[in-house]
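Chemist: Contents of entry-v4.txt (compact mmCIF, C-alpha atoms and all ligand atoms) are below:
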```txt
# COMPACT_ATOMS: atom_id res chain seq x y z
CA MET A 26 26.33 36.09 12.21
CA ASN A 27 28.23 37.76 15.04
CA PRO A 28 25.91 40.44 16.53
CA ILE A 29 28.63 43.13 16.48
CA VAL A 30 29.42 42.44 12.82
CA LYS A 31 25.70 42.45 12.10
CA ARG A 32 25.27 45.85 13.78
CA MET A 33 28.17 47.29 11.79
CA LEU A 34 26.83 45.93 8.51
CA GLY A 35 23.39 47.30 9.35
CA SER A 36 24.71 50.84 9.90
CA SER A 37 23.76 53.64 7.55
CA LEU A 38 27.43 53.93 6.52
CA ALA A 39 27.54 50.27 5.40
CA ARG A 40 24.27 50.72 3.55
CA ALA A 41 25.57 53.86 1.83
CA LEU A 42 28.79 52.07 0.79
CA ALA A 43 26.79 49.15 -0.62
CA HIS A 44 24.48 51.45 -2.65
CA PRO A 45 23.10 50.87 -5.29
CA SER A 46 23.30 47.20 -4.26
CA SER A 47 22.30 46.08 -0.76
CA VAL A 48 24.48 44.76 2.04
CA ASP A 49 22.72 41.41 1.55
CA ASP A 50 23.94 41.32 -2.06
CA TYR A 51 27.55 41.49 -0.86
CA LEU A 52 26.94 38.96 1.93
CA ALA A 53 25.53 36.55 -0.65
CA LEU A 54 28.92 36.56 -2.41
CA ILE A 55 30.38 34.97 0.75
CA ASP A 56 27.46 32.67 1.62
CA ASP A 57 23.98 33.00 0.13
CA ARG A 58 22.39 32.03 3.46
CA LEU A 59 23.79 35.22 5.05
CA SER A 60 21.40 38.15 5.39
CA LEU A 61 21.06 41.09 7.75
CA ALA A 62 17.42 40.43 8.59
CA GLU A 63 15.88 37.88 6.23
CA PRO A 64 15.34 34.32 7.53
CA ARG A 65 16.93 31.89 5.07
CA GLY A 66 17.75 28.23 5.28
CA ARG A 67 19.67 25.48 3.59
CA VAL A 68 18.34 21.98 2.96
CA VAL A 69 20.39 19.42 4.86
CA HIS A 70 18.22 16.35 4.13
CA ALA A 71 15.74 15.69 1.33
CA VAL A 72 13.83 12.44 1.86
CA ARG A 73 11.17 11.19 -0.55
CA GLN A 74 8.73 9.21 1.64
CA THR A 75 6.17 8.81 -1.13
CA PRO A 76 6.41 9.11 -4.94
CA ASP A 77 4.83 12.58 -4.97
CA SER A 78 6.32 14.23 -1.89
CA VAL A 79 9.59 15.28 -0.38
CA THR A 80 10.38 15.89 3.29
CA LEU A 81 12.99 18.61 3.75
CA ALA A 82 15.06 19.28 6.85
CA ILE A 83 16.18 22.91 6.69
CA GLU A 84 18.92 24.55 8.72
CA PRO A 85 17.85 28.19 9.22
CA ASN A 86 20.19 31.17 9.61
CA SER A 87 20.30 33.28 12.78
CA ASN A 88 17.40 35.51 11.62
CA TRP A 89 14.94 32.64 12.15
CA ARG A 90 12.97 33.35 15.32
CA GLY A 91 11.62 29.83 15.84
CA HIS A 92 8.07 28.54 15.67
CA HIS A 93 5.27 27.03 17.73
CA ALA A 94 3.76 23.61 17.11
CA GLY A 95 1.56 23.58 14.03
CA GLN A 96 2.62 26.93 12.55
CA HIS A 97 3.39 27.42 8.86
CA VAL A 98 6.13 29.19 6.93
CA LEU A 99 6.37 30.83 3.53
CA VAL A 100 9.18 29.13 1.59
CA GLY A 101 10.66 30.94 -1.40
CA LEU A 102 13.15 30.08 -4.09
CA THR A 103 14.45 31.63 -7.27
CA LEU A 104 13.13 30.11 -10.48
CA ASP A 105 14.01 31.60 -13.88
CA GLY A 106 15.40 34.69 -12.19
CA ALA A 107 12.26 35.49 -10.17
CA ARG A 108 11.46 34.62 -6.58
CA HIS A 109 8.42 32.37 -6.05
CA SER A 110 7.06 31.27 -2.72
CA ARG A 111 4.54 28.92 -1.19
CA CYS A 112 3.22 28.26 2.32
CA PHE A 113 4.00 24.97 4.09
CA SER A 114 3.15 23.61 7.53
CA ILE A 115 6.11 22.97 9.79
CA ALA A 116 6.22 19.37 10.98
CA SER A 117 9.14 19.60 13.39
CA ALA A 118 8.79 20.34 17.09
CA PRO A 119 9.82 23.88 18.12
CA ASP A 120 12.94 22.85 20.02
CA GLU A 121 14.44 20.82 17.17
CA PRO A 122 17.39 22.58 15.47
CA LEU A 123 16.15 21.90 11.93
CA ILE A 124 12.86 23.01 10.41
CA GLU A 125 11.03 20.14 8.71
CA ILE A 126 8.43 20.56 5.98
CA THR A 127 6.82 18.00 3.71
CA VAL A 128 5.98 19.17 0.21
CA LYS A 129 3.42 17.36 -1.95
CA ARG A 130 3.25 17.61 -5.71
CA ASN A 131 0.56 20.09 -6.64
CA GLY A 132 -1.01 20.48 -10.10
CA ALA A 133 0.37 23.79 -11.31
CA GLY A 134 2.35 24.64 -8.18
CA ARG A 135 5.78 25.70 -9.45
CA VAL A 136 7.45 25.80 -6.05
CA SER A 137 5.96 22.52 -4.81
CA ASN A 138 6.74 20.64 -7.99
CA TYR A 139 10.27 22.00 -8.19
CA LEU A 140 10.97 20.96 -4.60
CA VAL A 141 9.45 17.48 -5.06
CA ASP A 142 11.49 16.88 -8.22
CA GLN A 143 14.71 18.71 -7.58
CA ALA A 144 15.31 19.78 -3.98
CA GLN A 145 18.46 18.28 -2.57
CA ARG A 146 21.03 18.86 0.13
CA GLY A 147 22.47 22.38 -0.20
CA GLN A 148 19.37 24.02 -1.74
CA LEU A 149 18.95 27.61 -0.50
CA LEU A 150 15.43 28.59 0.61
CA TYR A 151 14.06 31.99 1.59
CA LEU A 152 11.82 31.83 4.64
CA SER A 153 9.20 34.05 6.25
CA PRO A 154 8.75 34.20 10.02
CA ALA A 155 6.55 31.32 11.22
CA GLU A 156 2.84 32.17 11.38
CA GLY A 157 -0.41 30.64 12.60
CA ASP A 158 -1.94 29.80 15.97
CA PHE A 159 -2.91 26.16 15.56
CA CYS A 160 -1.44 25.26 18.96
CA PRO A 161 -2.20 28.34 21.04
CA ARG A 162 -1.32 26.93 24.42
CA SER A 163 1.79 25.15 25.59
CA GLN A 164 -0.04 22.99 28.15
CA ALA A 165 -1.16 19.69 26.63
CA PRO A 166 -4.66 18.49 27.63
CA ALA A 167 -5.32 15.22 29.49
CA LYS A 168 -6.90 13.64 26.41
CA ALA A 169 -6.58 14.69 22.77
CA LEU A 170 -7.69 13.69 19.30
CA LEU A 171 -5.28 14.58 16.49
CA LEU A 172 -7.32 14.27 13.31
CA SER A 173 -5.84 14.81 9.86
CA ALA A 174 -6.20 13.93 6.20
CA GLY A 175 -3.66 13.99 3.36
CA SER A 176 -0.87 16.52 3.83
CA GLY A 177 -2.84 17.98 6.75
CA ILE A 178 -0.81 15.50 8.78
CA THR A 179 2.22 17.84 8.91
CA PRO A 180 1.06 20.48 11.45
CA VAL A 181 -0.56 17.71 13.50
CA MET A 182 2.76 15.83 13.56
CA SER A 183 4.37 18.97 14.93
CA VAL A 184 1.85 19.04 17.78
CA LEU A 185 2.43 15.33 18.48
CA ARG A 186 6.23 15.62 18.39
CA THR A 187 6.11 18.65 20.69
CA TRP A 188 4.01 16.88 23.32
CA LEU A 189 6.09 13.70 23.21
CA SER A 190 9.40 15.57 23.37
CA HIS A 191 8.13 17.52 26.40
CA GLY A 192 7.09 14.30 28.12
CA ALA A 193 3.41 15.31 28.21
CA SER A 194 1.17 12.65 29.74
CA THR A 195 -1.64 13.29 27.25
CA ASP A 196 -3.70 10.30 26.15
CA ILE A 197 -3.63 10.75 22.36
CA VAL A 198 -5.64 9.24 19.52
CA PHE A 199 -3.97 10.11 16.20
CA LEU A 200 -6.55 9.44 13.49
CA HIS A 201 -5.30 9.99 9.95
CA TYR A 202 -7.06 9.59 6.59
CA ALA A 203 -4.83 8.83 3.58
CA ARG A 204 -5.71 7.73 0.07
CA ALA A 205 -3.52 4.62 0.06
CA PRO A 206 -0.48 3.26 1.93
CA VAL A 207 1.81 4.62 -0.78
CA ASP A 208 0.48 8.16 -0.12
CA MET A 209 0.93 8.02 3.63
CA ILE A 210 3.71 10.27 4.88
CA TYR A 211 5.15 9.72 8.37
CA ALA A 212 3.77 6.13 8.41
CA ASP A 213 6.98 4.59 9.79
CA GLU A 214 7.48 7.28 12.39
CA LEU A 215 3.89 7.08 13.62
CA GLU A 216 4.14 3.31 13.92
CA ALA A 217 7.39 3.59 15.86
CA LEU A 218 6.02 6.29 18.17
CA ALA A 219 2.87 4.28 18.89
CA ALA A 220 5.01 1.24 19.73
CA GLU A 221 7.13 3.34 22.06
CA HIS A 222 4.40 5.37 23.80
CA ALA A 223 1.57 3.41 25.35
CA ARG A 224 -0.57 6.54 25.62
CA LEU A 225 -0.49 7.10 21.84
CA GLN A 226 -2.96 5.21 19.67
CA SER A 227 -2.37 5.63 15.93
CA ILE A 228 -5.22 4.78 13.55
CA THR A 229 -4.88 5.16 9.79
CA VAL A 230 -7.85 4.93 7.45
CA PHE A 231 -7.37 4.47 3.70
CA THR A 232 -9.95 6.15 1.51
CA GLY A 233 -8.97 5.22 -2.06
CA ALA A 234 -10.96 2.89 -4.39
CA GLY A 235 -13.98 2.04 -2.27
CA GLY A 236 -12.20 2.78 1.00
CA ALA A 237 -13.75 4.27 4.10
CA ARG A 238 -14.86 7.88 4.62
CA LEU A 239 -15.09 9.93 7.77
CA ASP A 240 -18.64 9.57 9.06
CA ALA A 241 -20.56 9.34 12.34
CA ALA A 242 -20.35 5.56 12.65
CA ALA A 243 -16.61 5.48 11.97
CA LEU A 244 -15.88 8.29 14.39
CA ASP A 245 -17.98 6.71 17.16
CA ALA A 246 -16.18 3.40 16.68
CA GLN A 247 -12.68 4.86 16.48
CA VAL A 248 -12.96 7.48 19.21
CA PRO A 249 -15.72 6.35 21.62
CA ASP A 250 -14.62 8.86 24.28
CA LEU A 251 -14.55 11.80 21.86
CA ALA A 252 -16.48 14.04 24.29
CA GLU A 253 -13.50 13.93 26.66
CA ARG A 254 -10.91 14.87 24.03
CA GLU A 255 -9.68 18.25 22.83
CA THR A 256 -9.25 18.06 19.04
CA TRP A 257 -6.60 19.35 16.63
CA LEU A 258 -7.83 19.11 13.04
CA CYS A 259 -6.19 19.66 9.65
CA GLY A 260 -6.90 18.48 6.11
CA PRO A 261 -8.76 19.52 2.96
CA ALA A 262 -11.61 22.00 3.56
CA GLY A 263 -14.40 19.43 2.92
CA PHE A 264 -12.84 16.95 5.33
CA MET A 265 -12.49 19.61 8.00
CA ASP A 266 -16.09 20.80 7.56
CA THR A 267 -17.38 17.22 7.93
CA ALA A 268 -15.18 16.55 10.94
CA GLU A 269 -16.16 19.78 12.63
CA THR A 270 -19.88 19.04 12.22
CA LEU A 271 -19.51 15.48 13.54
CA ILE A 272 -17.38 16.54 16.50
CA ALA A 273 -19.64 19.47 17.42
CA ALA A 274 -22.57 17.04 17.68
CA ARG A 275 -20.62 14.84 20.10
CA SER A 276 -18.38 17.07 22.16
CA SER A 277 -18.16 20.55 23.60
CA ALA A 278 -14.40 20.22 24.21
CA PRO A 279 -12.24 22.76 22.32
CA LEU A 280 -11.51 22.09 18.66
CA HIS A 281 -8.48 23.70 16.96
CA ARG A 282 -8.77 23.91 13.23
CA GLU A 283 -5.67 24.63 11.16
CA GLN A 284 -7.03 27.18 8.72
CA PHE A 285 -4.21 26.39 6.31
CA ALA A 286 -6.46 26.19 3.30
CA ALA A 287 -8.92 29.04 3.31
CA SER A 288 -12.12 27.67 1.82
CA ARG A 289 -13.60 29.61 -1.02
CA ARG A 290 -17.33 29.96 -0.50
CA ALA A 291 -17.91 32.15 -3.54
CA SER A 292 -17.21 31.41 -7.17
CA ALA A 293 -14.55 33.56 -8.74
CA HIS A 294 -16.88 34.80 -11.48
CA GLY A 295 -16.72 38.56 -11.47
CA GLN A 296 -17.73 41.53 -13.53
CA GLY A 297 -16.43 44.91 -14.59
CA ALA A 298 -12.95 45.89 -15.70
CA VAL A 299 -9.72 45.60 -13.77
CA GLN A 300 -7.24 48.40 -14.39
CA PHE A 301 -3.58 47.84 -13.40
CA LEU A 302 -2.54 51.46 -13.03
CA LYS A 303 1.28 51.29 -12.89
CA SER A 304 1.46 48.74 -15.70
CA ASP A 305 -1.16 50.61 -17.74
CA ILE A 306 -3.01 47.37 -18.52
CA ALA A 307 -6.76 46.81 -18.50
CA ALA A 308 -8.34 43.35 -18.21
CA SER A 309 -11.78 41.85 -17.90
CA GLY A 310 -12.76 41.11 -14.29
CA GLU A 311 -15.01 38.22 -15.28
CA HIS A 312 -12.84 35.19 -14.58
CA GLY A 313 -10.75 34.42 -11.56
CA SER A 314 -9.41 36.15 -8.52
CA LEU A 315 -7.68 39.50 -8.92
CA LEU A 316 -4.37 37.61 -8.67
CA GLU A 317 -5.34 35.25 -11.48
CA ILE A 318 -6.57 38.15 -13.60
CA ALA A 319 -3.23 39.93 -13.12
CA GLU A 320 -1.30 36.80 -14.11
CA ASP A 321 -3.51 36.21 -17.15
CA ALA A 322 -2.69 39.78 -18.18
CA GLY A 323 1.03 38.93 -18.11
CA LEU A 324 1.80 40.55 -14.76
CA SER A 325 3.65 38.95 -11.86
CA PRO A 326 2.35 40.24 -8.53
CA PRO A 327 4.01 38.59 -5.53
CA TYR A 328 2.15 35.67 -4.00
CA GLY A 329 2.71 32.84 -1.56
CA CYS A 330 -0.08 30.56 -0.39
CA ARG A 331 -2.80 31.65 -2.87
CA MET A 332 -5.24 30.83 -0.04
CA GLY A 333 -5.54 34.06 1.93
CA ILE A 334 -3.08 33.11 4.64
CA CYS A 335 0.33 34.60 4.02
CA HIS A 336 -0.60 38.15 2.88
CA ALA A 337 2.23 38.04 0.30
CA CYS A 338 -0.21 39.14 -2.44
CA LYS A 339 -1.42 42.26 -0.64
CA CYS A 340 -1.71 45.13 -3.09
CA HIS A 341 -2.96 48.69 -2.90
CA ILE A 342 -6.40 49.19 -4.44
CA ALA A 343 -7.05 52.77 -5.55
CA GLU A 344 -10.77 52.11 -5.73
CA GLY A 345 -13.23 49.47 -6.80
CA THR A 346 -15.95 46.98 -5.96
CA VAL A 347 -14.66 43.60 -4.84
CA ARG A 348 -16.04 40.23 -3.71
CA ASP A 349 -14.39 38.38 -0.84
CA LEU A 350 -14.14 34.79 -2.12
CA ARG A 351 -14.20 33.36 1.40
CA THR A 352 -17.42 35.03 2.51
CA ASP A 353 -19.09 36.10 -0.77
CA ARG A 354 -19.33 39.60 0.70
CA VAL A 355 -19.27 42.46 -1.82
CA ARG A 356 -17.93 45.82 -0.80
CA GLN A 357 -16.72 49.08 -2.21
CA VAL A 358 -13.13 49.92 -1.35
CA ARG A 359 -10.99 52.99 -1.82
CA ASP A 360 -7.33 53.56 -1.02
CA THR A 361 -6.87 50.26 0.79
CA ASP A 362 -4.62 47.17 0.76
CA LEU A 363 -6.23 43.85 -0.24
CA GLN A 364 -5.07 40.26 -0.74
CA LEU A 365 -5.47 39.70 -4.48
CA CYS A 366 -5.77 35.90 -4.20
CA ILE A 367 -9.02 35.94 -2.23
CA HIS A 368 -10.82 38.81 -3.93
CA ALA A 369 -12.57 38.99 -7.30
CA ALA A 370 -13.95 41.98 -9.17
CA ALA A 371 -17.61 42.70 -8.43
CA GLY A 372 -17.42 45.85 -10.55
CA ASP A 373 -14.61 48.04 -11.88
CA VAL A 374 -11.40 47.82 -9.85
CA ALA A 375 -8.26 49.99 -10.09
CA ILE A 376 -5.12 48.37 -8.67
CA ASP A 377 -1.79 50.12 -8.06
CA PHE A 378 0.35 47.55 -9.80
S1 LIG B 1 -0.95 34.64 -1.75
FE1 LIG B 1 -1.02 34.32 0.38
S2 LIG B 1 -2.64 35.65 0.99
FE2 LIG B 1 -2.62 35.79 -1.14
```
Please render this file's structure as structure tokens.
Ligand code: FES
Modeler:
Amino acid sequence: MNPIVKRMLGSSLARALAHPSSVDDYLALIDDRLSLAEPRGRVVHAVRQTPDSVTLAIEPNSNWRGHHAGQHVLVGLTLDGARHSRCFSIASAPDEPLIEITVKRNGAGRVSNYLVDQAQRGQLLYLSPAEGDFCPRSQAPAKALLLSAGSGITPVMSVLRTWLSHGASTDIVFLHYARAPVDMIYADELEALAAEHARLQSITVFTGAGGARLDAAALDAQVPDLAERETWLCGPAGFMDTAETLIAARSSAPLHREQFAASRRASAHGQGAVQFLKSDIAASGEHGSLLEIAEDAGLSPPYGCRMGICHACKCHIAEGTVRDLRTDRVRQVRDTDLQLCIHAAAGDVAIDF
């Protein structure tokens, strides 16, 4: 949007004229990607690389401030009249004009499943600013190990694409664990890149039905010079824990772990009563995170990642005793904001919702 037009539309006069609607509501009548401040995007390609995933190329509006390699974004869409959102790693390199994400089907995940089944060219998506610090430095190291499993490949692809597009001379081993060839996203691209770049070695390990697992012997065979390599790691929490332990025993080089999936160390069994003050609803705090308890009580607090990353579920707690599901730490809180998805009740809790 032209900056002068944007400034005019953002003036208090324009806002007053738009009241009780918002300026964005009127802009949406012209083009639903238009917004004064909100990053939004439109799908320009939807490619299904595997039966249970879709890779989307998204053209963002001018409110998108770009991203760094390996960051993630909260993607929202309107389903049944309500906005739902979910966090996805960005697979594209920062200087590419389109944002690329790959979405995998996910049990009860409404957003993921909708996108896998129905996303197509033209789909409008609401976006958050990019977040995360997986790739904190722009300078590529001399030698690197990119290690991923499952959909953890997406932020690692972003790191790889960034280095290659910048002509970095890094010697790269890209080691990926997938269940089976049919589940492997970016297989063709990785093969093509490895054929084109002599300094890139791509190794894929299949784990399904008696397949291999990440262990000391495999790692020593696949990456004999591990001690010389800086590592970027992403995958399911168990895979990352195993990899981190193995690598720490072999190398003191830096290891960057994409904390995309916050691991829950504590069970979500709680106690006490949870009172939702504004809704005047009381629920048992025994089962689930505070977010799950709210949803079971028929409420719809906002959420995104459900993993403690995006902060979309932050809610004001009047007072209560809560358990942090990542650390198992119990604490008393009063008049504070908490992420509902990673806290359970450890006693009575009063939530302003
Ligand atoms: S939903 Fe993302 S932090 Fe809770």
Chemist: Which of these residues is nearest to Asp142 of chain A, using all atoms listed in the file: A:Ser114, A:Ser183, A:Thr267, A:Thr75?
Modeler: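 Distance minimum relative to Asp142 of chain A lands on A:Thr75.
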Chemist: Which is closer to ligand LIG 1 (chain B) than all the others in A:Leu59, A:Ile376, A:Val141, A:Leu315, using all atoms listed in the file?
Modeler: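 Looking at the shortest contact to ligand LIG 1 (chain B), the residue is A:Leu315.
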Chemist: Segment 165-173 of chain A: which residues within 9 Å, counting all atoms listed in the file, same-chain residues fewer than 6 positions away excluded, as a PyMOL selection string?
Modeler: chain A and resi 179+181-182+184-185+188+193-203+248+251+253-261+264-265+268
Chemist: Any idea what the distance is between atom CA of Pro180 of chain A and atom CA of Ala234 of chain A?
Modeler: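 Straight-line distance from atom CA of Pro180 of chain A to atom CA of Ala234 of chain A works out to 26.5 Å.
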Chemist: Could you check which of A:Val374, A:Leu140, A:Val98, A:Leu189 is closest to His336 of chain A, using only C-alpha atoms?
Modeler: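 That would be A:Val98, the residue with the smallest distance to His336 of chain A.
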Chemist: Name the residues, using the chain letters and numbers of the file, that sit within 10 Å of (10.2, 31.6, 15.2) when counting only C-alpha atoms, and give them as a ChimeraX atom specification.
Modeler: /A:64,88-93,96,98,119,153-156
Chemist: If we count all atoms listed in the file and set the cut-off at 10 Å, which residues sit around Asp158 of chain A, ignoring sequence neighbours fewer than 6 positions away in its own chain? Please answer as a VMD selection string.
Modeler: chain A and resid 93 to 97 281 to 284
Chemist: Produce as a ChimeraX atom specification the set of residues near ligand LIG 1 (chain B), where near means within 9 Å with all atoms listed in the file considered.
Modeler: /A:99,110-112,316,327-339,363-367
Chemist: Using only C-alpha atoms, which of A:Arg354, A:Arg146, A:Arg58, A:Arg186 sits nearest His70 of chain A?
Modeler: A:Arg146
Chemist: May I ask which of the residues A:Asp105, A:Asp120, A:Asp360, A:Asp208 is the closest one to Asp77 of chain A, counting only C-alpha atoms?
Modeler: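 Under the stated criterion, the closest residue is A:Asp208.
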Chemist: In Å, rounded to a single decimal, give me how far atom CA of His312 of chain A is from atom CA of Gly295 of chain A.
Modeler: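 These atoms are spaced 6.0 Å apart.
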Chemist: I'd like the contact shell of Tyr211 of chain A - 9 Å cut-off, all atoms listed in the file, skipping same-chain residues fewer than 3 positions apart - returned as a compact mmCIF listing (two decimals) with C-alpha atoms, in the frame of the given file.
Modeler:
```txt
# COMPACT_ATOMS: atom_id res chain seq x y z
CA GLN A 74 8.73 9.21 1.64
CA ILE A 178 -0.81 15.50 8.78
CA THR A 179 2.22 17.84 8.91
CA MET A 182 2.76 15.83 13.56
CA GLU A 214 7.48 7.28 12.39
CA LEU A 215 3.89 7.08 13.62
CA GLU A 216 4.14 3.31 13.92
```
Chemist: Pull the neighbourhood of (3.1, 42.5, -10.3) for me: all residues within 10 Å in file coordinates, counting only C-alpha atoms, as a list in words.
Modeler: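 Protein, DNA and RNA residues close to (3.1, 42.5, -10.3): Phe301, Lys303, Ser304, Leu316, Ala319, Glu320, Gly323, Leu324, Ser325, Pro326, Pro327, Tyr328, Cys338, Cys340, Asp377 and Phe378 of chain A.
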Chemist: Of the residues A:Gly175, A:Ala375, A:Thr361, A:Arg135, which is the one nearest to Ala307 of chain A, using all atoms listed in the file?
Modeler: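 Looking only at the distances to Ala307 of chain A, the closest residue turns out to be A:Ala375.
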Chemist: Kindly give the distance, in Å, that separates atom CA of Ile124 of chain A and atom CA of Glu84 of chain A, rounded to a single decimal.
Modeler: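 Between atom CA of Ile124 of chain A and atom CA of Glu84 of chain A the gap works out to 6.5 Å.
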Chemist: I'd like the contact shell of Arg359 of chain A - 9 Å cut-off, all atoms listed in the file, skipping same-chain residues fewer than 4 positions apart - returned as an mmCIF file with C-alpha atoms, keeping the file's coordinate frame.
Modeler:
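The new file out36.cif reads:
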```
data_model
loop_
_atom_site.group_PDB
_atom_site.id
_atom_site.type_symbol
_atom_site.label_atom_id
_atom_site.label_comp_id
_atom_site.auth_asym_id
_atom_site.auth_seq_id
_atom_site.Cartn_x
_atom_site.Cartn_y
_atom_site.Cartn_z
ATOM 1 C CA ILE A 342 -6.400 49.190 -4.440
ATOM 2 C CA ALA A 343 -7.050 52.770 -5.550
ATOM 3 C CA GLU A 344 -10.770 52.110 -5.730
ATOM 4 C CA GLY A 345 -13.230 49.470 -6.800
ATOM 5 C CA THR A 346 -15.950 46.980 -5.960
#
```
